[in-house]
file model-v7.tsv (TSV, C-alpha atoms)
chain	number	residue	atom	x	y	z
M	1	MET	CA	15.49	-14.94	-17.09
M	2	SER	CA	13.98	-13.28	-20.17
M	3	ASP	CA	10.74	-15.28	-19.66
M	4	LEU	CA	10.10	-13.84	-16.19
M	5	LEU	CA	8.63	-10.52	-17.33
M	6	PRO	CA	5.91	-12.06	-19.56
M	7	ALA	CA	5.08	-14.51	-16.77
M	8	LEU	CA	4.60	-11.68	-14.29
M	9	THR	CA	2.47	-9.80	-16.81
M	10	ARG	CA	0.22	-12.83	-17.23
M	11	GLU	CA	-0.17	-13.58	-13.51
M	12	GLY	CA	-1.08	-10.11	-12.26
M	13	VAL	CA	-1.31	-6.36	-12.80
M	14	LEU	CA	0.24	-3.24	-11.35
M	15	ILE	CA	-2.22	-1.17	-9.34
M	16	SER	CA	-1.93	2.35	-8.01
M	17	VAL	CA	-4.52	4.08	-5.81
M	18	SER	CA	-4.50	7.84	-5.30
M	19	VAL	CA	-6.82	9.54	-2.81
M	20	ARG	CA	-6.94	13.35	-2.70
M	21	TYR	CA	-8.93	15.70	-0.52
M	22	TRP	CA	-8.52	19.19	0.85
M	23	ARG	CA	-6.31	18.79	3.90
M	24	GLY	CA	-7.28	22.10	5.47
M	25	CYS	CA	-3.70	23.18	6.12
M	26	LYS	CA	-1.72	26.38	5.51
M	27	LYS	CA	2.01	27.03	5.58
M	28	LEU	CA	2.43	30.08	7.79
M	29	LYS	CA	4.81	32.86	6.77
M	30	PRO	CA	6.59	35.20	9.20
M	31	GLU	CA	4.48	38.06	7.85
M	32	ASP	CA	1.31	36.22	8.95
M	33	LEU	CA	2.52	36.60	12.52
M	34	GLY	CA	3.54	40.23	12.10
M	35	LEU	CA	7.23	39.37	11.81
M	36	ASP	CA	9.75	40.71	9.31
M	37	GLY	CA	10.51	37.81	6.98
M	38	ASP	CA	13.97	39.22	6.16
M	39	LYS	CA	14.92	39.08	9.82
M	40	VAL	CA	13.71	35.55	10.53
M	41	SER	CA	16.33	32.83	10.14
M	42	ASP	CA	15.12	29.69	8.34
M	43	ARG	CA	17.91	27.79	10.11
M	44	LEU	CA	16.41	28.53	13.51
M	45	ILE	CA	12.68	29.02	12.95
M	46	SER	CA	10.31	26.83	10.93
M	47	LEU	CA	6.67	27.83	11.10
M	48	GLY	CA	5.51	24.80	9.13
M	49	HIS	CA	1.99	23.79	8.14
M	50	LYS	CA	-0.85	24.55	10.52
M	51	ARG	CA	-4.40	23.23	10.44
M	52	LEU	CA	-7.09	25.59	9.26
M	53	LEU	CA	-9.75	23.14	10.42
M	54	PRO	CA	-9.82	20.82	13.41
M	55	LYS	CA	-8.63	17.28	12.65
M	56	GLU	CA	-12.09	15.78	13.07
M	57	ALA	CA	-13.44	17.85	10.15
M	58	THR	CA	-11.66	15.60	7.65
M	59	ALA	CA	-11.52	12.46	9.81
M	60	SER	CA	-13.91	10.43	7.65
M	61	LEU	CA	-11.96	11.26	4.47
M	62	SER	CA	-8.68	10.42	6.19
M	63	LEU	CA	-10.08	7.11	7.42
M	64	ILE	CA	-11.19	6.10	3.91
M	65	GLU	CA	-7.78	7.05	2.49
M	66	GLY	CA	-6.06	4.93	5.13
M	67	ARG	CA	-8.36	1.96	4.49
M	68	ALA	CA	-7.76	2.16	0.73
M	69	HIS	CA	-3.97	2.16	1.09
M	70	ALA	CA	-4.10	-0.57	3.74
M	71	LEU	CA	-6.24	-2.73	1.44
M	72	VAL	CA	-3.74	-2.39	-1.39
M	73	GLU	CA	-0.72	-3.02	0.82
M	74	ALA	CA	-2.30	-6.11	2.40
M	75	ASN	CA	-3.07	-7.74	-0.96
M	76	THR	CA	-0.13	-6.74	-3.14
M	77	PHE	CA	3.64	-6.77	-3.37
M	78	PRO	CA	5.56	-3.46	-3.70
M	79	PHE	CA	6.96	-3.32	-7.23
M	80	LEU	CA	10.27	-1.66	-8.13
M	81	LYS	CA	10.84	0.01	-4.76
M	82	GLY	CA	7.21	1.04	-4.34
M	83	LEU	CA	6.73	2.58	-7.80
M	84	ALA	CA	3.48	0.62	-7.92
M	85	HIS	CA	1.99	-2.50	-6.34
M	86	TYR	CA	1.74	-5.92	-7.98
M	87	LEU	CA	-1.70	-7.48	-7.56
M	88	PRO	CA	-2.02	-11.21	-8.37
M	89	ASN	CA	-4.98	-12.11	-10.58
M	90	ALA	CA	-6.53	-14.27	-7.87
M	91	ARG	CA	-6.98	-11.18	-5.66
M	92	LEU	CA	-8.00	-8.81	-8.47
M	93	SER	CA	-11.80	-9.16	-8.27
M	94	GLU	CA	-12.05	-8.89	-4.49
M	95	VAL	CA	-9.63	-5.97	-4.18
M	96	THR	CA	-11.14	-3.90	-6.98
M	97	GLY	CA	-14.62	-4.57	-5.63
M	98	LYS	CA	-13.64	-3.30	-2.18
M	99	LEU	CA	-11.94	-0.27	-3.74
M	100	ARG	CA	-15.16	0.59	-5.59
M	101	SER	CA	-17.04	0.43	-2.29
M	102	LEU	CA	-14.45	2.68	-0.65
M	103	GLU	CA	-14.70	5.10	-3.56
M	104	ASP	CA	-18.48	5.32	-3.06
M	105	GLU	CA	-17.88	6.04	0.63
M	106	PHE	CA	-15.29	8.67	-0.29
M	107	TRP	CA	-17.62	10.63	-2.55
M	108	ALA	CA	-20.38	10.46	0.05
M	109	ALA	CA	-17.94	11.78	2.68
M	110	LYS	CA	-16.87	14.52	0.29
M	111	GLU	CA	-20.48	15.64	-0.22
M	112	SER	CA	-21.01	15.68	3.54
M	113	PHE	CA	-17.87	17.78	3.98
M	114	ILE	CA	-18.98	20.28	1.32
M	115	GLU	CA	-22.44	20.46	2.88
M	116	HIS	CA	-20.97	21.48	6.24
M	117	TYR	CA	-18.05	23.48	4.83
M	118	GLY	CA	-19.54	26.90	5.51
M	119	ARG	CA	-20.24	26.12	9.15
M	120	LEU	CA	-16.83	24.52	9.62
M	121	ARG	CA	-15.15	27.55	8.10
M	122	GLU	CA	-16.95	30.00	10.36
M	123	SER	CA	-16.26	27.92	13.45
M	124	ALA	CA	-12.57	27.55	12.60
M	125	ALA	CA	-12.20	31.28	11.91
M	126	GLY	CA	-13.62	32.01	15.35
M	127	GLU	CA	-11.17	29.63	17.01
M	128	TRP	CA	-8.26	31.15	15.09
M	129	ARG	CA	-9.38	34.64	16.14
M	130	GLU	CA	-9.35	33.69	19.81
M	131	MET	CA	-5.94	32.06	19.51
M	132	ALA	CA	-4.45	34.92	17.46
M	133	GLU	CA	-5.35	37.43	20.16
M	134	LYS	CA	-3.20	35.45	22.59
M	135	LEU	CA	-0.28	34.80	20.26
M	136	VAL	CA	0.50	37.86	18.15
M	137	ASP	CA	0.47	41.65	18.40
M	138	ASP	CA	-1.61	42.01	15.23
M	139	PRO	CA	-4.26	39.27	15.39
M	140	ALA	CA	-6.27	40.78	12.52
M	141	ARG	CA	-3.39	40.12	10.10
M	142	LEU	CA	-3.15	36.45	11.08
M	143	VAL	CA	-6.92	35.94	10.95
M	144	ALA	CA	-7.09	37.56	7.53
M	145	ALA	CA	-4.32	35.30	6.23
M	146	VAL	CA	-6.14	32.23	7.55
M	147	GLU	CA	-9.50	33.25	6.10
M	148	ASP	CA	-7.92	33.92	2.70
M	149	SER	CA	-6.57	30.36	2.71
M	150	PHE	CA	-10.03	28.81	2.64
M	151	PRO	CA	-11.02	28.03	-0.97
M	152	LEU	CA	-14.41	29.09	-2.25
M	153	VAL	CA	-16.91	26.27	-1.97
M	154	GLN	CA	-17.50	26.44	-5.74
M	155	LYS	CA	-13.84	25.56	-6.34
M	156	MET	CA	-13.52	22.77	-3.80
M	157	GLY	CA	-14.16	20.00	-6.34
M	158	LYS	CA	-10.65	20.15	-7.77
M	159	TYR	CA	-9.16	19.18	-4.41
M	160	PHE	CA	-10.91	15.80	-4.30
M	161	GLY	CA	-10.17	12.60	-6.17
M	162	PHE	CA	-10.24	8.84	-5.79
M	163	GLU	CA	-8.40	7.18	-8.65
M	164	THR	CA	-7.52	3.53	-9.21
M	165	ASP	CA	-5.14	2.85	-12.10
M	166	MET	CA	-4.00	-0.53	-13.35
M	167	PHE	CA	-1.12	-1.23	-15.69
M	168	GLN	CA	0.59	-4.17	-17.32
M	169	ILE	CA	4.32	-4.69	-16.84
M	170	ALA	CA	6.27	-4.20	-20.05
M	171	ALA	CA	9.83	-3.39	-20.98
M	172	PRO	CA	10.29	-0.94	-23.87
M	173	GLU	CA	11.59	-2.52	-27.05
M	174	LYS	CA	12.07	0.69	-28.98
M	175	ILE	CA	10.97	4.27	-28.68
M	176	ALA	CA	9.12	5.81	-31.59
M	177	LEU	CA	10.73	8.92	-33.06
M	178	GLU	CA	9.15	11.87	-34.79
M	179	LEU	CA	11.89	13.64	-36.69
M	180	VAL	CA	12.01	17.39	-36.37
M	181	ASN	CA	15.41	17.96	-37.88
M	182	ILE	CA	17.16	15.69	-40.38
M	183	ALA	CA	20.57	16.77	-39.12
M	184	ASP	CA	19.72	15.51	-35.61
M	185	GLN	CA	18.15	12.25	-36.79
M	186	GLN	CA	21.12	9.94	-36.22
M	187	ASN	CA	21.98	11.29	-32.75
M	188	ILE	CA	18.38	11.25	-31.54
M	189	VAL	CA	17.75	7.72	-32.78
M	190	ALA	CA	20.93	6.45	-31.14
M	191	ALA	CA	20.24	8.21	-27.83
M	192	ARG	CA	16.64	7.04	-27.62
M	193	GLN	CA	17.51	3.51	-28.60
M	194	GLN	CA	20.22	3.35	-25.95
M	195	ALA	CA	17.81	4.70	-23.32
M	196	SER	CA	15.24	2.09	-24.35
M	197	GLN	CA	17.73	-0.76	-24.12
M	198	GLU	CA	19.03	0.39	-20.73
M	199	ALA	CA	15.49	0.76	-19.35
M	200	ALA	CA	14.52	-2.71	-20.56
M	201	ALA	CA	17.66	-4.28	-19.08
M	202	LYS	CA	17.08	-2.57	-15.73
M	203	ILE	CA	13.45	-3.69	-15.55
M	204	ARG	CA	14.44	-7.29	-16.30
M	205	ARG	CA	17.08	-7.20	-13.57
M	206	ASP	CA	14.68	-5.63	-11.09
M	207	VAL	CA	11.86	-8.10	-11.71
M	208	GLU	CA	14.17	-10.96	-10.72
M	209	SER	CA	14.76	-9.29	-7.36
M	210	PHE	CA	11.04	-8.44	-7.10
M	211	ALA	CA	9.97	-12.05	-7.63
M	212	ALA	CA	12.42	-13.32	-5.00
M	213	ASP	CA	11.21	-10.64	-2.57
M	214	CYS	CA	7.59	-11.77	-3.11
M	215	VAL	CA	8.49	-15.33	-2.12
M	216	ALA	CA	10.39	-14.16	0.97
M	217	SER	CA	7.59	-11.77	1.96
M	218	LEU	CA	4.91	-14.49	2.07
M	219	ARG	CA	7.21	-16.78	4.04
M	220	GLU	CA	8.04	-13.98	6.50
M	221	GLN	CA	4.33	-13.23	6.95
M	222	THR	CA	3.79	-16.90	7.78
M	223	ALA	CA	6.49	-16.81	10.45
M	224	LYS	CA	5.12	-13.58	11.89
M	225	LEU	CA	1.60	-14.97	12.13
M	226	CYS	CA	2.86	-18.06	13.97
M	227	SER	CA	4.66	-15.87	16.51
M	228	GLU	CA	1.55	-13.73	17.04
M	229	MET	CA	-0.68	-16.77	17.44
M	230	LEU	CA	1.66	-18.34	19.99
M	231	ALA	CA	1.78	-15.08	21.94
M	232	SER	CA	-2.02	-14.90	21.90
M	233	ILE	CA	-2.40	-18.52	23.06
M	234	ASN	CA	0.16	-18.13	25.83
M	235	GLY	CA	-1.32	-14.85	26.98
M	236	CYS	CA	-5.00	-15.84	26.80
M	237	GLU	CA	-6.69	-16.88	30.04
M	238	THR	CA	-8.86	-19.39	28.18
M	239	GLY	CA	-5.86	-20.81	26.32
M	240	VAL	CA	-7.09	-20.79	22.71
M	241	HIS	CA	-9.60	-18.44	21.15
M	242	GLN	CA	-11.52	-19.32	17.98
M	243	LYS	CA	-10.57	-15.96	16.44
M	244	THR	CA	-6.92	-17.00	16.72
M	245	LEU	CA	-7.55	-20.20	14.76
M	246	ASN	CA	-9.67	-18.33	12.21
M	247	ARG	CA	-6.74	-16.00	11.53
M	248	LEU	CA	-4.69	-18.98	10.37
M	249	VAL	CA	-7.54	-20.32	8.24
M	250	LYS	CA	-7.93	-16.95	6.53
M	251	PHE	CA	-4.18	-16.58	6.07
M	252	ILE	CA	-3.84	-19.99	4.40
M	253	ASP	CA	-6.63	-19.12	1.95
M	254	GLN	CA	-5.06	-15.75	1.18
M	255	PHE	CA	-1.59	-17.30	0.84
M	256	ARG	CA	-2.90	-19.57	-1.92
M	257	GLN	CA	-4.30	-16.55	-3.79
M	258	MET	CA	-1.14	-14.50	-3.36
M	259	ASN	CA	1.16	-17.41	-4.24
M	260	PHE	CA	1.39	-16.60	-7.95
M	261	LEU	CA	5.01	-17.85	-8.01
M	262	ASN	CA	3.82	-21.32	-7.01
M	263	ASP	CA	5.79	-21.73	-3.79
M	264	THR	CA	4.67	-25.34	-3.34
M	265	GLU	CA	7.00	-25.96	-0.38
M	266	MET	CA	5.53	-23.23	1.83
M	267	GLU	CA	2.00	-23.87	0.63
M	268	GLY	CA	2.41	-27.56	1.37
M	269	GLN	CA	3.49	-26.75	4.93
M	270	LEU	CA	0.42	-24.59	5.41
M	271	GLU	CA	-1.95	-27.21	4.00
M	272	ARG	CA	-0.43	-29.79	6.33
M	273	VAL	CA	-1.12	-27.49	9.26
M	274	ARG	CA	-4.67	-27.02	8.04
M	275	ARG	CA	-5.24	-30.79	8.01
M	276	GLU	CA	-3.49	-31.58	11.26
M	277	LEU	CA	-4.22	-28.59	13.47
M	278	LEU	CA	-7.31	-26.80	12.19
M	279	SER	CA	-9.71	-29.74	12.26
M	280	ARG	CA	-10.30	-29.06	15.99
M	281	THR	CA	-12.28	-26.16	17.43
M	282	ALA	CA	-10.92	-23.74	20.03
M	283	GLU	CA	-13.15	-25.37	22.63
M	284	GLU	CA	-11.62	-28.77	21.90
M	285	TYR	CA	-8.14	-27.30	22.33
M	286	ARG	CA	-9.15	-25.68	25.62
M	287	ASP	CA	-10.47	-29.01	26.91
M	288	SER	CA	-7.29	-30.95	26.13
M	289	SER	CA	-3.84	-29.89	27.29
M	290	THR	CA	-2.33	-32.57	25.05
M	291	ALA	CA	-4.04	-31.14	21.96
M	292	ARG	CA	-3.15	-27.60	23.00
M	293	ASN	CA	0.53	-28.51	23.35
M	294	ARG	CA	0.39	-30.16	19.95
M	295	LEU	CA	-1.05	-26.95	18.48
M	296	LYS	CA	1.71	-24.85	20.01
M	297	GLN	CA	4.36	-27.30	18.85
M	298	GLY	CA	2.93	-27.28	15.32
M	299	LEU	CA	2.88	-23.47	15.18
M	300	THR	CA	6.44	-23.32	16.49
M	301	GLN	CA	7.64	-25.76	13.83
M	302	LEU	CA	5.76	-23.92	11.08
M	303	GLY	CA	7.23	-20.59	12.16
M	304	GLU	CA	10.77	-21.96	12.27
M	305	GLU	CA	10.40	-23.55	8.84
M	306	ALA	CA	8.93	-20.35	7.40
M	307	ARG	CA	11.86	-18.31	8.75
M	308	ARG	CA	14.33	-20.82	7.32
M	309	LEU	CA	12.68	-20.71	3.91
M	310	ALA	CA	12.52	-16.90	3.99
M	311	GLN	CA	16.32	-16.83	4.28
M	312	ALA	CA	16.80	-19.43	1.55
M	313	ASP	CA	17.77	-18.60	-2.03
M	314	ALA	CA	14.60	-18.44	-4.16
M	315	LYS	CA	16.47	-18.34	-7.48
M	316	GLU	CA	15.38	-21.85	-8.50
M	317	LEU	CA	11.73	-21.08	-7.76
M	318	VAL	CA	11.89	-17.82	-9.73
M	319	GLN	CA	13.51	-19.60	-12.68
M	320	SER	CA	10.83	-22.28	-12.60
M	321	PHE	CA	8.14	-19.59	-12.67
M	322	GLY	CA	9.70	-17.98	-15.73
M	323	GLU	CA	10.07	-21.32	-17.55
M	324	GLN	CA	6.48	-22.23	-16.75
M	325	GLY	CA	5.38	-18.92	-18.24
M	326	ARG	CA	7.29	-19.67	-21.43
M	327	ARG	CA	5.66	-23.10	-21.76
M	328	ARG	CA	2.20	-21.66	-21.30
M	329	PHE	CA	2.93	-18.95	-23.84
M	330	HIS	CA	4.03	-21.49	-26.44
M	331	LEU	CA	0.93	-23.66	-25.79
M	332	ALA	CA	-1.35	-20.66	-26.18
M	333	ALA	CA	0.41	-19.71	-29.41
call {"tool": "encode", "arguments": {"input": "model-v7.tsv", "output": "structure tokens"}}
result
Amino acid sequence: MSDLLPALTREGVLISVSVRYWRGCKKLKPEDLGLDGDKVSDRLISLGHKRLLPKEATASLSLIEGRAHALVEANTFPFLKGLAHYLPNARLSEVTGKLRSLEDEFWAAKESFIEHYGRLRESAAGEWREMAEKLVDDPARLVAAVEDSFPLVQKMGKYFGFETDMFQIAAPEKIALELVNIADQQNIVAARQQASQEAAAKIRRDVESFAADCVASLREQTAKLCSEMLASINGCETGVHQKTLNRLVKFIDQFRQMNFLNDTEMEGQLERVRRELLSRTAEEYRDSSTARNRLKQGLTQLGEEARRLAQADAKELVQSFGEQGRRRFHLAA
């Protein structure tokens, strides 16, 4: 399976998206409420994080963050237990383009937040003052603690960031060593070399499992879509909606782009469904009970086959992918 890692490196990249913004929260201490911290049991009382600003103040930033992470998750496979996400080359241009658009929206939302920060801060302080008078014996102490938690507007920039990083998958072959002490040379070299070998072996083992999980994931998504489409058709008063059929069309196109492991069996099933079931419009299905039953039967069969394949051993497919990568490498060389 030594050819699998280079094949994965050729067919896609690892992508990581980090979105940061000031959350407007503060972890309250007992002293903020006029309590003696030494007399408050952590086992019984947890003050936790409280909002300095109302939720809607950062709603646009939160929405963009959610859309960015959803975009990545919908177009990638989690790599090594979520350490990063594997993005197939066929989806690279579209995903990075959408991320750039989201980044533009993020910085615009950040500027809008900064522009209104002073007003938001004053309004929030007033609300905290009213609440503190009802909650604690010394409201001035709590209000002061809250107000001190608001950063100066000039220093807000460090709390914001939208970063997209891409990496290639590689196993370490050896770790370079800068000698600082001749007496330690032999031990350091041996320790670092062992760590390098163990890391490389672990990555190679994990990528085998990762590749098999990618195959199963696409097959499971196929089965899930079939179930959702059948539920929609059975629950729709009109019988079949065009949006339901369009979901399958879009999924088949995306499956082909995500199918970097060349799962020809599942892709063949989907293409057959495209030919046999998606040549009709929703209106034509609504007008013919025979055609509608054929659609439901076809979706049922596709879902059952996808579930069967998802449970099947993908070892042969993974091996084929690695061997194909080796042949392409030799041809390129």
call {"tool": "closest_residue", "arguments": {"input": "model-v7.tsv", "among": "M:Glu111, M:Glu220, M:Glu127, M:Glu133", "to": "Gly157 in chain M", "atoms": "only C-alpha atoms"}}
result
M:Glu111
call {"tool": "closest_residue", "arguments": {"input": "model-v7.tsv", "among": "M:Met258, M:Ala68, M:Leu302, M:Ala144", "to": "Leu99 in chain M", "atoms": "all atoms listed in the file"}}
result
M:Ala68
call {"tool": "atom_distance", "arguments": {"input": "model-v7.tsv", "atom1": "CA of Arg294 in chain M", "atom2": "CA of Ser279 in chain M"}}
result
12.7 Å
call {"tool": "closest_residue", "arguments": {"input": "model-v7.tsv", "among": "M:Val207, M:Leu83, M:Leu248, M:Val240", "to": "Arg292 in chain M", "atoms": "all atoms listed in the file"}}
result
M:Val240
call {"tool": "atom_distance", "arguments": {"input": "model-v7.tsv", "atom1": "CA of Lys98 in chain M", "atom2": "CA of Arg20 in chain M"}}
result
18.0 Å
call {"tool": "closest_residue", "arguments": {"input": "model-v7.tsv", "among": "M:Ser123, M:Leu87, M:Gly239, M:Ala57", "to": "Ala282 in chain M", "atoms": "all atoms listed in the file"}}
result
M:Gly239
call {"tool": "atom_distance", "arguments": {"input": "model-v7.tsv", "atom1": "CA of Lys296 in chain M", "atom2": "CA of Phe255 in chain M"}}
result
20.9 Å
call {"tool": "closest_residue", "arguments": {"input": "model-v7.tsv", "among": "M:Ser227, M:Thr222, M:Gln154, M:Ser232", "to": "Val249 in chain M", "atoms": "only C-alpha atoms"}}
result
M:Thr222
call {"tool": "closest_residue", "arguments": {"input": "model-v7.tsv", "among": "M:Asn89, M:Gln269, M:Ser149, M:Thr290", "to": "Leu8 in chain M", "atoms": "all atoms listed in the file"}}
result
M:Asn89
call {"tool": "residues_around", "arguments": {"input": "model-v7.tsv", "residues": "Lys224 in chain M", "least_positions_apart": "3", "cutoff": "9 Å", "atoms": "only C-alpha atoms", "output": "list in words"}}
result
Arg219, Glu220, Gln221, Ser227, Glu228, Met229, Gly303, Ala306 and Arg307 of chain M
call {"tool": "write_last_selection", "arguments": {"input": "model-v7.tsv", "atoms": "C-alpha atoms", "output": "PDB file, keeping the file's coordinate frame"}}
result
ATOM      1  CA  ARG M 219       7.210 -16.780   4.040  1.00  0.00           C
ATOM      2  CA  GLU M 220       8.040 -13.980   6.500  1.00  0.00           C
ATOM      3  CA  GLN M 221       4.330 -13.230   6.950  1.00  0.00           C
ATOM      4  CA  SER M 227       4.660 -15.870  16.510  1.00  0.00           C
ATOM      5  CA  GLU M 228       1.550 -13.730  17.040  1.00  0.00           C
ATOM      6  CA  MET M 229      -0.680 -16.770  17.440  1.00  0.00           C
ATOM      7  CA  GLY M 303       7.230 -20.590  12.160  1.00  0.00           C
ATOM      8  CA  ALA M 306       8.930 -20.350   7.400  1.00  0.00           C
ATOM      9  CA  ARG M 307      11.860 -18.310   8.750  1.00  0.00           C
TER      10      ARG M 307
END
call {"tool": "residues_near_point", "arguments": {"input": "model-v7.tsv", "point": "(-3.5, 0.5, -18.3)", "cutoff": "10 Å", "atoms": "only C-alpha atoms", "output": "short mmCIF file (atom, residue, chain, number, x, y, z; two decimals) with C-alpha atoms, in the coordinates of the input"}}
result
data_model
loop_
_atom_site.label_atom_id
_atom_site.label_comp_id
_atom_site.auth_asym_id
_atom_site.auth_seq_id
_atom_site.Cartn_x
_atom_site.Cartn_y
_atom_site.Cartn_z
CA VAL M 13 -1.31 -6.36 -12.80
CA LEU M 14 0.24 -3.24 -11.35
CA ILE M 15 -2.22 -1.17 -9.34
CA ASP M 165 -5.14 2.85 -12.10
CA MET M 166 -4.00 -0.53 -13.35
CA PHE M 167 -1.12 -1.23 -15.69
CA GLN M 168 0.59 -4.17 -17.32
CA ILE M 169 4.32 -4.69 -16.84
#
call {"tool": "axis_aligned_box", "arguments": {"input": "model-v7.tsv", "around": "range 259-277 of chain M", "padding_each_side": "3 Å", "output": "JSON"}}
result
{"center_x": 0.9, "center_y": -24.1, "center_z": 2.7, "size_x": 18.2, "size_y": 21.0, "size_z": 27.5}
